[in-house]
$ cat target28.txt   # compact mmCIF, C-alpha atoms and all ligand atoms
# COMPACT_ATOMS: atom_id res chain seq x y z
CA MET A 1 10.03 -15.12 -7.70
CA LYS A 2 7.37 -16.06 -5.11
CA LYS A 3 4.31 -13.88 -5.49
CA LEU A 4 4.11 -12.44 -1.95
CA GLY A 5 5.92 -9.19 -1.08
CA PHE A 6 6.45 -7.69 2.37
CA GLY A 7 5.00 -4.16 2.56
CA LEU A 8 6.85 -2.08 5.17
CA MET A 9 4.23 0.62 5.69
CA ARG A 10 2.27 -0.79 8.67
CA LEU A 11 5.04 -2.12 10.89
CA PRO A 12 4.46 -2.74 14.61
CA CYS A 13 5.27 0.35 16.68
CA ILE A 14 5.91 1.07 20.32
CA SER A 15 3.25 3.10 22.19
CA GLY A 16 1.42 3.87 18.94
CA ASP A 17 4.27 6.13 17.76
CA GLY A 18 4.62 5.56 14.01
CA LYS A 19 8.28 6.60 14.08
CA ASN A 20 9.19 4.26 16.93
CA ILE A 21 9.18 0.89 15.17
CA ASP A 22 9.43 -2.24 17.29
CA LEU A 23 12.60 -3.62 15.67
CA GLU A 24 12.72 -6.85 17.67
CA ARG A 25 9.26 -7.82 16.45
CA VAL A 26 10.11 -6.81 12.87
CA LYS A 27 13.23 -9.00 12.99
CA GLU A 28 11.09 -12.04 13.87
CA MET A 29 8.70 -11.22 11.04
CA VAL A 30 11.30 -10.69 8.31
CA ASP A 31 13.32 -13.74 9.42
CA LEU A 32 10.29 -15.99 8.99
CA PHE A 33 9.46 -14.42 5.64
CA LEU A 34 13.01 -14.91 4.32
CA SER A 35 13.35 -18.41 5.75
CA LYS A 36 10.46 -19.51 3.53
CA GLY A 37 12.20 -18.26 0.39
CA PHE A 38 10.30 -14.98 -0.03
CA THR A 39 12.56 -12.12 -1.12
CA TYR A 40 10.61 -8.98 -2.10
CA PHE A 41 10.36 -5.98 0.27
CA ASP A 42 8.58 -2.71 -0.43
CA THR A 43 9.17 0.55 1.39
CA ALA A 44 9.14 4.28 0.55
CA TYR A 45 10.92 7.47 1.52
CA VAL A 46 7.82 8.62 3.43
CA TYR A 47 6.69 5.43 5.21
CA HIS A 48 6.72 5.75 9.00
CA GLY A 49 8.14 9.26 8.59
CA GLY A 50 11.33 7.81 7.05
CA PHE A 51 11.82 5.14 9.71
CA SER A 52 10.52 2.26 7.58
CA GLU A 53 13.70 2.46 5.46
CA VAL A 54 15.81 2.59 8.63
CA ALA A 55 13.99 -0.42 10.09
CA PHE A 56 14.65 -2.33 6.88
CA ARG A 57 18.39 -1.61 7.21
CA GLU A 58 18.48 -2.71 10.84
CA CYS A 59 16.34 -5.82 10.46
CA VAL A 60 17.24 -7.07 6.98
CA VAL A 61 20.28 -5.40 5.40
CA LYS A 62 22.53 -5.73 8.43
CA ARG A 63 21.44 -9.30 9.17
CA HIS A 64 20.99 -11.04 5.81
CA PRO A 65 23.14 -11.42 2.67
CA ARG A 66 22.43 -8.83 -0.04
CA ASP A 67 21.52 -11.51 -2.60
CA SER A 68 18.82 -13.00 -0.34
CA PHE A 69 16.40 -10.07 -0.76
CA THR A 70 15.31 -7.31 -3.13
CA VAL A 71 14.16 -3.88 -2.03
CA THR A 72 11.85 -1.32 -3.60
CA THR A 73 11.66 2.24 -2.42
CA LYS A 74 9.96 5.30 -3.87
CA LEU A 75 10.71 8.91 -4.70
CA PRO A 76 7.88 11.18 -3.51
CA LEU A 77 6.91 14.13 -5.68
CA PHE A 78 4.30 15.42 -3.19
CA SER A 79 6.39 18.49 -2.30
CA ASN A 80 7.21 19.32 -5.97
CA PRO A 81 10.98 18.82 -5.54
CA ASP A 82 13.48 20.23 -8.02
CA ARG A 83 16.37 18.13 -9.31
CA ALA A 84 18.53 18.89 -6.24
CA GLY A 85 15.61 17.89 -4.00
CA MET A 86 15.22 14.57 -5.83
CA GLU A 87 18.93 13.82 -5.49
CA LYS A 88 18.79 14.64 -1.80
CA MET A 89 15.89 12.24 -1.21
CA PHE A 90 17.47 9.45 -3.25
CA ASN A 91 20.74 9.78 -1.32
CA GLU A 92 18.85 9.79 1.98
CA SER A 93 17.02 6.61 0.96
CA MET A 94 20.32 4.92 0.10
CA GLU A 95 21.79 5.93 3.44
CA ARG A 96 18.76 4.91 5.46
CA LEU A 97 18.56 1.56 3.65
CA GLY A 98 22.29 0.93 3.94
CA VAL A 99 22.58 -0.54 0.44
CA ASP A 100 24.79 0.42 -2.50
CA TYR A 101 22.10 -0.17 -5.09
CA ILE A 102 18.29 -0.31 -5.06
CA ASP A 103 16.59 -3.14 -6.93
CA TYR A 104 13.38 -1.31 -7.83
CA TYR A 105 12.91 2.46 -7.66
CA TRP A 106 9.49 3.98 -8.30
CA LEU A 107 8.08 7.48 -8.64
CA HIS A 108 5.58 7.47 -5.79
CA ALA A 109 1.80 7.66 -6.33
CA LEU A 110 1.53 9.17 -9.81
CA ASN A 111 -1.81 10.56 -10.89
CA ARG A 112 -2.76 12.91 -13.73
CA ASN A 113 -1.50 15.99 -11.83
CA SER A 114 1.72 14.60 -10.43
CA TYR A 115 2.44 13.04 -13.84
CA GLU A 116 2.56 16.49 -15.44
CA PHE A 117 4.93 17.62 -12.69
CA ALA A 118 7.07 14.46 -13.13
CA LYS A 119 7.47 15.28 -16.82
CA THR A 120 8.33 18.95 -16.44
CA SER A 121 10.62 18.44 -13.43
CA GLY A 122 12.68 15.77 -15.19
CA ALA A 123 11.81 13.02 -12.67
CA PHE A 124 11.65 10.31 -15.36
CA ASP A 125 15.03 11.36 -16.72
CA TYR A 126 16.44 11.25 -13.22
CA LEU A 127 15.35 7.59 -12.91
CA ARG A 128 16.95 6.85 -16.29
CA GLU A 129 20.24 8.37 -15.14
CA LEU A 130 20.19 6.40 -11.88
CA LYS A 131 19.63 3.21 -13.83
CA ALA A 132 22.41 3.97 -16.33
CA ALA A 133 24.75 4.65 -13.38
CA GLY A 134 23.87 1.27 -11.82
CA LYS A 135 22.41 2.84 -8.68
CA ILE A 136 19.00 1.32 -9.35
CA ARG A 137 18.29 -1.90 -11.21
CA HIS A 138 14.73 -1.24 -12.39
CA MET A 139 12.50 1.83 -12.68
CA GLY A 140 8.75 2.34 -12.65
CA PHE A 141 6.01 4.09 -10.70
CA SER A 142 3.16 3.46 -8.32
CA PHE A 143 -0.15 4.77 -9.56
CA HIS A 144 -3.48 6.11 -8.25
CA ASP A 145 -5.73 7.27 -11.04
CA ASN A 146 -7.89 5.92 -13.86
CA ALA A 147 -7.02 3.59 -16.73
CA GLU A 148 -7.00 6.36 -19.32
CA THR A 149 -4.27 8.24 -17.43
CA LEU A 150 -2.26 5.04 -17.01
CA ASP A 151 -2.48 4.38 -20.75
CA LYS A 152 -1.22 7.91 -21.46
CA ILE A 153 1.76 7.55 -19.09
CA LEU A 154 2.80 4.14 -20.42
CA THR A 155 2.46 5.36 -24.01
CA GLU A 156 4.59 8.45 -23.34
CA GLN A 157 7.14 6.72 -21.06
CA PRO A 158 7.56 3.31 -22.72
CA ASP A 159 10.81 2.46 -20.92
CA MET A 160 9.20 2.36 -17.47
CA GLU A 161 9.47 -1.31 -16.60
CA PHE A 162 6.87 -1.94 -13.87
CA VAL A 163 3.67 -0.48 -12.50
CA GLN A 164 2.42 -0.71 -8.95
CA LEU A 165 -1.39 -0.69 -8.85
CA GLN A 166 -4.13 -0.69 -6.23
CA LEU A 167 -5.89 -3.94 -7.01
CA ASN A 168 -8.33 -6.05 -5.00
CA TYR A 169 -11.65 -7.79 -5.56
CA LEU A 170 -13.60 -4.89 -4.04
CA ASP A 171 -12.06 -2.33 -6.41
CA TRP A 172 -11.97 -4.70 -9.39
CA GLU A 173 -15.03 -3.13 -11.03
CA ASP A 174 -15.02 0.11 -8.98
CA GLN A 175 -15.54 3.09 -11.29
CA GLY A 176 -13.15 5.32 -9.37
CA VAL A 177 -10.22 2.95 -8.75
CA GLN A 178 -10.72 0.89 -11.94
CA SER A 179 -8.52 -2.03 -10.82
CA ARG A 180 -9.52 -4.28 -13.71
CA LEU A 181 -9.16 -1.61 -16.38
CA CYS A 182 -5.77 -0.48 -15.05
CA TYR A 183 -4.56 -4.09 -14.91
CA GLU A 184 -5.65 -4.56 -18.53
CA VAL A 185 -3.82 -1.40 -19.62
CA ALA A 186 -0.59 -2.51 -17.91
CA THR A 187 -0.91 -5.92 -19.56
CA LYS A 188 -1.49 -4.34 -22.97
CA HIS A 189 1.77 -2.40 -22.52
CA GLU A 190 3.52 -5.60 -21.32
CA LYS A 191 4.38 -4.09 -17.93
CA PRO A 192 4.35 -6.53 -15.00
CA VAL A 193 2.12 -5.39 -12.13
CA ILE A 194 3.02 -5.14 -8.47
CA VAL A 195 -0.18 -5.13 -6.44
CA MET A 196 -0.74 -2.79 -3.49
CA GLU A 197 -3.77 -2.73 -1.20
CA PRO A 198 -4.88 -6.31 -2.01
CA ILE A 199 -6.79 -6.34 1.32
CA LYS A 200 -7.91 -2.72 0.95
CA GLY A 201 -6.30 -1.41 4.09
CA GLY A 202 -7.42 -4.45 6.09
CA SER A 203 -11.14 -4.23 5.28
CA LEU A 204 -11.15 -7.49 3.28
CA ALA A 205 -9.62 -9.28 6.27
CA ASN A 206 -12.73 -8.39 8.30
CA PRO A 207 -15.61 -8.58 5.84
CA PRO A 208 -19.30 -8.11 6.67
CA LYS A 209 -20.98 -11.18 8.19
CA LYS A 210 -22.72 -12.33 5.02
CA ALA A 211 -19.54 -12.17 2.96
CA GLU A 212 -17.59 -13.95 5.71
CA GLU A 213 -20.13 -16.79 5.69
CA VAL A 214 -19.66 -17.26 1.95
CA LEU A 215 -15.87 -17.43 2.40
CA LYS A 216 -16.06 -19.83 5.35
CA ASN A 217 -18.47 -22.09 3.44
CA ALA A 218 -16.00 -22.24 0.57
CA ASP A 219 -13.08 -23.16 2.87
CA LYS A 220 -13.46 -23.09 6.61
CA ASN A 221 -9.68 -23.10 7.18
CA ALA A 222 -8.78 -20.20 4.89
CA SER A 223 -8.51 -16.71 6.39
CA CYS A 224 -10.54 -13.96 4.75
CA ALA A 225 -7.26 -12.12 3.98
CA SER A 226 -5.94 -15.18 2.12
CA TRP A 227 -8.82 -15.04 -0.37
CA ALA A 228 -8.03 -11.40 -1.14
CA ILE A 229 -4.31 -11.97 -1.62
CA ARG A 230 -4.85 -15.07 -3.74
CA PHE A 231 -7.37 -13.18 -5.91
CA ALA A 232 -4.66 -10.70 -6.89
CA ALA A 233 -1.87 -13.30 -7.15
CA THR A 234 -3.98 -15.42 -9.52
CA LEU A 235 -3.76 -12.78 -12.26
CA PRO A 236 -1.06 -13.92 -14.69
CA ASN A 237 0.54 -10.50 -15.24
CA VAL A 238 0.93 -9.88 -11.50
CA MET A 239 4.57 -10.25 -10.46
CA VAL A 240 4.09 -9.81 -6.74
CA VAL A 241 1.32 -8.98 -4.26
CA LEU A 242 2.29 -6.73 -1.36
CA SER A 243 0.90 -7.29 2.07
CA GLY A 244 1.57 -4.60 4.68
CA MET A 245 2.19 -6.98 7.56
CA SER A 246 1.90 -5.72 11.14
CA ASN A 247 2.50 -8.80 13.28
CA LEU A 248 3.95 -12.30 13.22
CA GLU A 249 0.51 -13.95 12.94
CA GLN A 250 -0.11 -12.16 9.64
CA VAL A 251 3.28 -13.27 8.30
CA LYS A 252 2.57 -16.87 9.33
CA ASP A 253 -0.83 -16.85 7.69
CA ASN A 254 0.43 -15.23 4.47
CA VAL A 255 3.41 -17.53 4.00
CA SER A 256 1.28 -20.62 4.75
CA TYR A 257 -0.76 -20.31 1.55
CA MET A 258 1.71 -18.33 -0.59
CA ASP A 259 4.60 -20.75 -0.02
CA ASP A 260 3.09 -23.26 -2.43
CA PHE A 261 0.71 -20.86 -4.15
CA LYS A 262 -2.36 -22.30 -5.84
CA PRO A 263 -4.24 -19.88 -8.11
CA LEU A 264 -7.98 -19.50 -7.61
CA THR A 265 -10.29 -21.19 -10.06
CA GLU A 266 -12.44 -18.99 -12.29
CA SER A 267 -15.50 -19.71 -10.16
CA GLU A 268 -13.65 -18.84 -6.95
CA SER A 269 -12.55 -15.49 -8.41
CA LYS A 270 -16.14 -14.85 -9.49
CA MET A 271 -17.38 -15.69 -5.99
CA LEU A 272 -15.17 -12.87 -4.68
CA THR A 273 -16.24 -10.23 -7.18
CA ASP A 274 -19.86 -11.25 -6.49
CA ILE A 275 -19.57 -10.73 -2.72
CA ALA A 276 -18.05 -7.27 -3.26
CA ALA A 277 -21.64 -5.97 -3.24
CA GLU A 278 -21.91 -6.93 0.46
CA PHE A 279 -19.24 -4.44 1.45
CA LYS A 280 -20.50 -1.03 2.29
CA VAL A 281 -17.41 0.92 3.21
CA ALA A 282 -18.62 4.38 4.22
CA ILE A 283 -15.17 5.97 3.79
CA PRO A 284 -12.81 4.08 1.45
CA CYS A 285 -9.64 4.96 3.38
CA THR A 286 -6.85 2.40 2.93
CA ALA A 287 -4.94 3.47 6.09
CA CYS A 288 -1.83 4.32 4.06
CA ARG A 289 -1.17 7.23 6.48
CA TYR A 290 0.18 9.58 3.79
CA CYS A 291 -2.08 12.26 5.29
CA THR A 292 -1.05 12.10 8.92
CA ASP A 293 2.51 13.40 9.14
CA GLY A 294 1.69 16.91 7.97
CA CYS A 295 -1.54 17.41 9.93
CA PRO A 296 -0.98 20.46 12.14
CA MET A 297 -3.72 19.28 14.52
CA ASN A 298 -2.23 15.79 14.94
CA ILE A 299 -5.49 14.09 13.94
CA ASN A 300 -5.16 10.33 13.46
CA ILE A 301 -7.26 10.53 10.30
CA PRO A 302 -7.22 6.83 9.24
CA GLU A 303 -8.08 5.65 12.76
CA VAL A 304 -11.02 8.09 12.99
CA PHE A 305 -12.28 6.78 9.61
CA ALA A 306 -11.80 3.14 10.67
CA ILE A 307 -13.89 3.72 13.81
CA TYR A 308 -16.57 5.51 11.81
CA ASN A 309 -16.66 2.70 9.23
CA THR A 310 -17.28 0.16 12.01
CA VAL A 311 -20.34 2.10 13.13
CA LYS A 312 -21.66 2.44 9.60
CA ARG A 313 -21.33 -1.29 9.04
CA ASP A 314 -22.89 -2.31 12.34
CA ILE A 315 -24.97 0.23 14.24
CA HIS A 316 -24.85 -1.98 17.36
CA LYS A 317 -21.18 -1.12 17.69
CA LYS A 318 -21.87 2.57 18.17
CA GLY A 319 -21.25 2.57 21.95
CA GLU A 320 -18.02 0.63 21.62
CA ALA A 321 -16.87 2.90 18.77
CA ARG A 322 -17.56 6.07 20.77
CA GLU A 323 -15.45 4.71 23.62
CA LYS A 324 -12.63 3.90 21.22
CA TYR A 325 -12.84 7.37 19.72
CA ALA A 326 -12.79 9.02 23.17
CA GLU A 327 -9.63 7.02 23.95
CA LEU A 328 -8.03 7.98 20.63
CA ILE A 329 -8.47 11.71 21.11
CA LYS A 330 -6.75 11.64 24.48
CA THR A 331 -3.44 11.51 22.61
CA ASN A 332 -4.49 12.83 19.15
CA GLY A 333 -6.46 15.74 17.80
CA ALA A 334 -10.25 15.33 17.62
CA ALA A 335 -12.14 15.36 14.32
CA THR A 336 -13.60 18.73 15.37
CA ASP A 337 -10.08 20.20 15.66
CA CYS A 338 -9.67 20.12 11.86
CA ILE A 339 -8.90 23.63 10.58
CA GLY A 340 -9.51 22.76 6.92
CA CYS A 341 -5.95 23.48 5.76
CA GLU A 342 -6.27 20.65 3.19
CA GLN A 343 -2.67 19.46 3.57
CA CYS A 344 -4.11 15.96 3.95
CA VAL A 345 -6.35 16.24 0.88
CA ASN A 346 -3.36 16.84 -1.36
CA ALA A 347 -1.55 13.85 0.13
CA CYS A 348 -4.45 11.38 -0.12
CA PRO A 349 -4.12 8.91 -3.04
CA GLN A 350 -7.80 7.98 -2.63
CA HIS A 351 -8.82 11.61 -3.29
CA LEU A 352 -10.93 11.73 -0.12
CA GLU A 353 -12.43 15.05 0.99
CA ILE A 354 -10.96 14.57 4.44
CA PRO A 355 -12.12 17.76 6.25
CA LYS A 356 -15.71 17.18 5.14
CA LEU A 357 -15.57 13.50 6.11
CA LEU A 358 -14.06 14.33 9.49
CA ALA A 359 -17.01 16.63 10.14
CA GLU A 360 -19.36 13.71 9.42
CA CYS A 361 -17.38 11.47 11.76
CA ALA A 362 -17.45 14.10 14.49
CA GLY A 363 -21.24 14.19 14.27
CA ASP A 364 -21.52 10.45 14.87
CA LEU A 365 -18.68 9.76 17.26
CA ALA A 366 -18.55 12.74 19.60
S1 LIG B 401 -7.45 19.66 6.76
FE1 LIG B 401 -7.77 19.05 8.89
S2 LIG B 401 -7.22 16.90 8.97
FE2 LIG B 401 -6.36 17.73 7.08
S3 LIG B 401 -4.27 18.30 7.62
FE3 LIG B 401 -5.52 20.13 7.88
S4 LIG B 401 -6.16 20.07 10.04
FE4 LIG B 401 -5.38 18.02 9.54
S1 LIG B 402 -7.29 9.38 4.37
FE1 LIG B 402 -6.23 9.01 2.41
S2 LIG B 402 -4.08 9.45 2.81
FE2 LIG B 402 -5.07 9.25 4.81
S3 LIG B 402 -4.76 7.13 5.39
FE3 LIG B 402 -6.75 7.23 4.36
S4 LIG B 402 -6.34 6.77 2.20
FE4 LIG B 402 -4.35 7.26 3.16
$ encode --input "target28.txt" --output "structure tokens"
Amino acid sequence: MKKLGFGLMRLPCISGDGKNIDLERVKEMVDLFLSKGFTYFDTAYVYHGGFSEVAFRECVVKRHPRDSFTVTTKLPLFSNPDRAGMEKMFNESMERLGVDYIDYYWLHALNRNSYEFAKTSGAFDYLRELKAAGKIRHMGFSFHDNAETLDKILTEQPDMEFVQLQLNYLDWEDQGVQSRLCYEVATKHEKPVIVMEPIKGGSLANPPKKAEEVLKNADKNASCASWAIRFAATLPNVMVVLSGMSNLEQVKDNVSYMDDFKPLTESESKMLTDIAAEFKVAIPCTACRYCTDGCPMNINIPEVFAIYNTVKRDIHKKGEAREKYAELIKTNGAATDCIGCEQCVNACPQHLEIPKLLAECAGDLA
């Protein structure tokens, strides 16, 4: 299998409405991707409020032969579902996707807390039953916690076949994310890795000036994003690297270097982990949007953080950022509207203290 996967979590939308996906643009994107022999698609029950799975059905399933693609989707445990709740979500995913089997089915975003719930609620057994019944081909989980927790899960659940990990050159040695240590644990347990967030929510596509210069000196034709994706794809136990593509240009760029993929040399990989020090990301939000759907104040949390991060990286952009923020809050809640309900905190795989961070943003951007 080619090592690039199409992440369906940041699809182009009409009028900024995350549930109103621009299907005509997505069709162009997936057609190009498939025409180059790439096959792997990744979605989830919760992406785009459920409409990512629907978009996949409309753009891929209805228009391409079933054996020309594979699809992954994920069972969320965020709302602590019982067995009936899990069955309901699985059946909804099948219906939205319009398929009669799912190639890869993951428990979504396990960490030490949700793992305990997954065990007691029978979620792992439910995956086993689905596999035995032929409704899913492979089972595994996506993961957001430290290497020790991953080791515990893989030791206790040895029949899980794959792990989806947050892995990129910025988080490679990060003490919180522990990309390298988690990768090593998965490899020790002989579980192939699917990589998510290889570009860290887009931040490695727009690196600080100094880091960009290093990358351009190494290869003036290569995009900054390409270095990040190739870093992850170079690792031998990585099966596929997901890129959450949002427009046709990104698909063109990604397929151009992943079509005939050349792994990085050791010194190129080292160059990337060395420049990680240049990145000062004030708020390490990956723009996954898990927090936004349930916010009662309709705050576009990842966009507020992205604007704030721009200011923190380059103080000269403060005026521009304030204008952008003023525009954003015409149609969304302001950072100061946060009522501290913490719905978002529980949903955030990066464990960000969102209400506190929003208060910081409000101070700088208002
Ligand atoms: S804590 Fe604030 S930002 Fe988070 S969901 Fe509640 S109102 Fe929205
Ligand atoms: S704040 Fe957390 S949940 Fe929300 S988009 Fe950022 S990383 Fe995702």
$ atom_distance --input "target28.txt" --atom1 "atom CA of Met297 of chain A" --atom2 "atom CA of Leu107 of chain A"
28.5 Å
$ residues_near_ligand --input "target28.txt" --ligand "ligand LIG 401 (chain B)" --cutoff "7 Å" --atoms "only C-alpha atoms and all ligand atoms" --output "list of chain:residue names"
A:Cys291, A:Gly294, A:Cys295, A:Pro296, A:Met297, A:Asn298, A:Ile299, A:Ile301, A:Asp337, A:Cys338, A:Ile339, A:Gly340, A:Cys341, A:Glu342, A:Gln343, A:Cys344, A:Val345, A:Ile354, A:Pro355
$ closest_residue --input "target28.txt" --among "A:Phe117, A:Phe78, A:Phe38, A:Trp227" --to "ligand LIG 402 (chain B)" --atoms "all atoms listed in the file"
A:Phe78
$ residues_around --input "target28.txt" --residues "segment 238-248 of chain A" --least-positions-apart "2" --cutoff "8 Å" --atoms "only C-alpha atoms" --output "JSON, numbers by chain"
{"A": [1, 2, 3, 4, 5, 6, 7, 8, 9, 10, 11, 12, 25, 26, 28, 29, 42, 192, 193, 194, 195, 196, 197, 198, 199, 229, 232, 233, 234, 235, 236, 250, 251, 252]}
$ atom_distance --input "target28.txt" --atom1 "atom CA of Asn332 of chain A" --atom2 "atom CA of Gly363 of chain A"
17.5 Å
$ residues_around --input "target28.txt" --residues "Asn309 of chain A" --least-positions-apart "4" --cutoff "9 Å" --atoms "all atoms listed in the file" --output "PDB file with C-alpha atoms, in the frame of the given file"
ATOM      1  CA  LYS A 280     -20.500  -1.030   2.290  1.00  0.00           C
ATOM      2  CA  VAL A 281     -17.410   0.920   3.210  1.00  0.00           C
ATOM      3  CA  ALA A 282     -18.620   4.380   4.220  1.00  0.00           C
ATOM      4  CA  ILE A 283     -15.170   5.970   3.790  1.00  0.00           C
ATOM      5  CA  PRO A 284     -12.810   4.080   1.450  1.00  0.00           C
ATOM      6  CA  VAL A 304     -11.020   8.090  12.990  1.00  0.00           C
ATOM      7  CA  PHE A 305     -12.280   6.780   9.610  1.00  0.00           C
ATOM      8  CA  ARG A 313     -21.330  -1.290   9.040  1.00  0.00           C
ATOM      9  CA  ASP A 314     -22.890  -2.310  12.340  1.00  0.00           C
TER      10      ASP A 314
END
$ closest_residue --input "target28.txt" --among "A:Ser267, A:Gln166, A:Thr70, A:Ser15" --to "ligand LIG 402 (chain B)" --atoms "only C-alpha atoms and all ligand atoms"
A:Gln166
$ atom_distance --input "target28.txt" --atom1 "atom CA of Lys216 of chain A" --atom2 "atom CA of Val311 of chain A"
23.7 Å
$ axis_aligned_box --input "target28.txt" --around "ligand LIG 402 (chain B)" --padding-each-side "8 Å" --output "JSON"
{"center_x": -5.7, "center_y": 8.1, "center_z": 3.8, "size_x": 19.2, "size_y": 18.7, "size_z": 19.2}
$ residues_around --input "target28.txt" --residues "Asp67 of chain A" --least-positions-apart "2" --cutoff "12 Å" --atoms "all atoms listed in the file" --output "VMD selection string"
chain A and resid 34 37 39 to 40 60 to 61 63 to 65 69 to 71 99 101 to 103
$ residues_near_ligand --input "target28.txt" --ligand "ligand LIG 402 (chain B)" --cutoff "9 Å" --atoms "only C-alpha atoms and all ligand atoms" --output "list in words"
Gly201, Ile283, Pro284, Cys285, Thr286, Ala287, Cys288, Arg289, Tyr290, Cys291, Thr292, Asn300, Ile301, Pro302, Glu303, Phe305, Cys344, Val345, Asn346, Ala347, Cys348, Pro349, Gln350, His351, Leu352, Glu353 and Ile354 of chain A
$ residues_around --input "target28.txt" --residues "segment 181-191 of chain A" --least-positions-apart "5" --cutoff "9 Å" --atoms "only C-alpha atoms" --output "PDB file with C-alpha atoms, in the frame of the given file"
ATOM      1  CA  ASP A 145      -5.730   7.270 -11.040  1.00  0.00           C
ATOM      2  CA  ASN A 146      -7.890   5.920 -13.860  1.00  0.00           C
ATOM      3  CA  ALA A 147      -7.020   3.590 -16.730  1.00  0.00           C
ATOM      4  CA  GLU A 148      -7.000   6.360 -19.320  1.00  0.00           C
ATOM      5  CA  LEU A 150      -2.260   5.040 -17.010  1.00  0.00           C
ATOM      6  CA  ASP A 151      -2.480   4.380 -20.750  1.00  0.00           C
ATOM      7  CA  LEU A 154       2.800   4.140 -20.420  1.00  0.00           C
ATOM      8  CA  THR A 155       2.460   5.360 -24.010  1.00  0.00           C
ATOM      9  CA  PRO A 158       7.560   3.310 -22.720  1.00  0.00           C
ATOM     10  CA  MET A 160       9.200   2.360 -17.470  1.00  0.00           C
ATOM     11  CA  GLU A 161       9.470  -1.310 -16.600  1.00  0.00           C
ATOM     12  CA  PHE A 162       6.870  -1.940 -13.870  1.00  0.00           C
ATOM     13  CA  VAL A 163       3.670  -0.480 -12.500  1.00  0.00           C
ATOM     14  CA  LEU A 165      -1.390  -0.690  -8.850  1.00  0.00           C
ATOM     15  CA  GLN A 166      -4.130  -0.690  -6.230  1.00  0.00           C
ATOM     16  CA  LEU A 167      -5.890  -3.940  -7.010  1.00  0.00           C
ATOM     17  CA  TRP A 172     -11.970  -4.700  -9.390  1.00  0.00           C
ATOM     18  CA  GLU A 173     -15.030  -3.130 -11.030  1.00  0.00           C
ATOM     19  CA  ASN A 237       0.540 -10.500 -15.240  1.00  0.00           C
ATOM     20  CA  VAL A 238       0.930  -9.880 -11.500  1.00  0.00           C
TER      21      VAL A 238
END
$ residues_around --input "target28.txt" --residues "segment 95-98 of chain A" --least-positions-apart "5" --cutoff "10 Å" --atoms "only C-alpha atoms" --output "ChimeraX atom specification"
/A:43,45,50-58,60-62,71,73,89-90
$ write_last_selection --input "target28.txt" --atoms "C-alpha atoms" --output "mmCIF file, in the frame of the given file"
data_model
loop_
_atom_site.group_PDB
_atom_site.id
_atom_site.type_symbol
_atom_site.label_atom_id
_atom_site.label_comp_id
_atom_site.auth_asym_id
_atom_site.auth_seq_id
_atom_site.Cartn_x
_atom_site.Cartn_y
_atom_site.Cartn_z
ATOM 1 C CA THR A 43 9.170 0.550 1.390
ATOM 2 C CA TYR A 45 10.920 7.470 1.520
ATOM 3 C CA GLY A 50 11.330 7.810 7.050
ATOM 4 C CA PHE A 51 11.820 5.140 9.710
ATOM 5 C CA SER A 52 10.520 2.260 7.580
ATOM 6 C CA GLU A 53 13.700 2.460 5.460
ATOM 7 C CA VAL A 54 15.810 2.590 8.630
ATOM 8 C CA ALA A 55 13.990 -0.420 10.090
ATOM 9 C CA PHE A 56 14.650 -2.330 6.880
ATOM 10 C CA ARG A 57 18.390 -1.610 7.210
ATOM 11 C CA GLU A 58 18.480 -2.710 10.840
ATOM 12 C CA VAL A 60 17.240 -7.070 6.980
ATOM 13 C CA VAL A 61 20.280 -5.400 5.400
ATOM 14 C CA LYS A 62 22.530 -5.730 8.430
ATOM 15 C CA VAL A 71 14.160 -3.880 -2.030
ATOM 16 C CA THR A 73 11.660 2.240 -2.420
ATOM 17 C CA MET A 89 15.890 12.240 -1.210
ATOM 18 C CA PHE A 90 17.470 9.450 -3.250
#
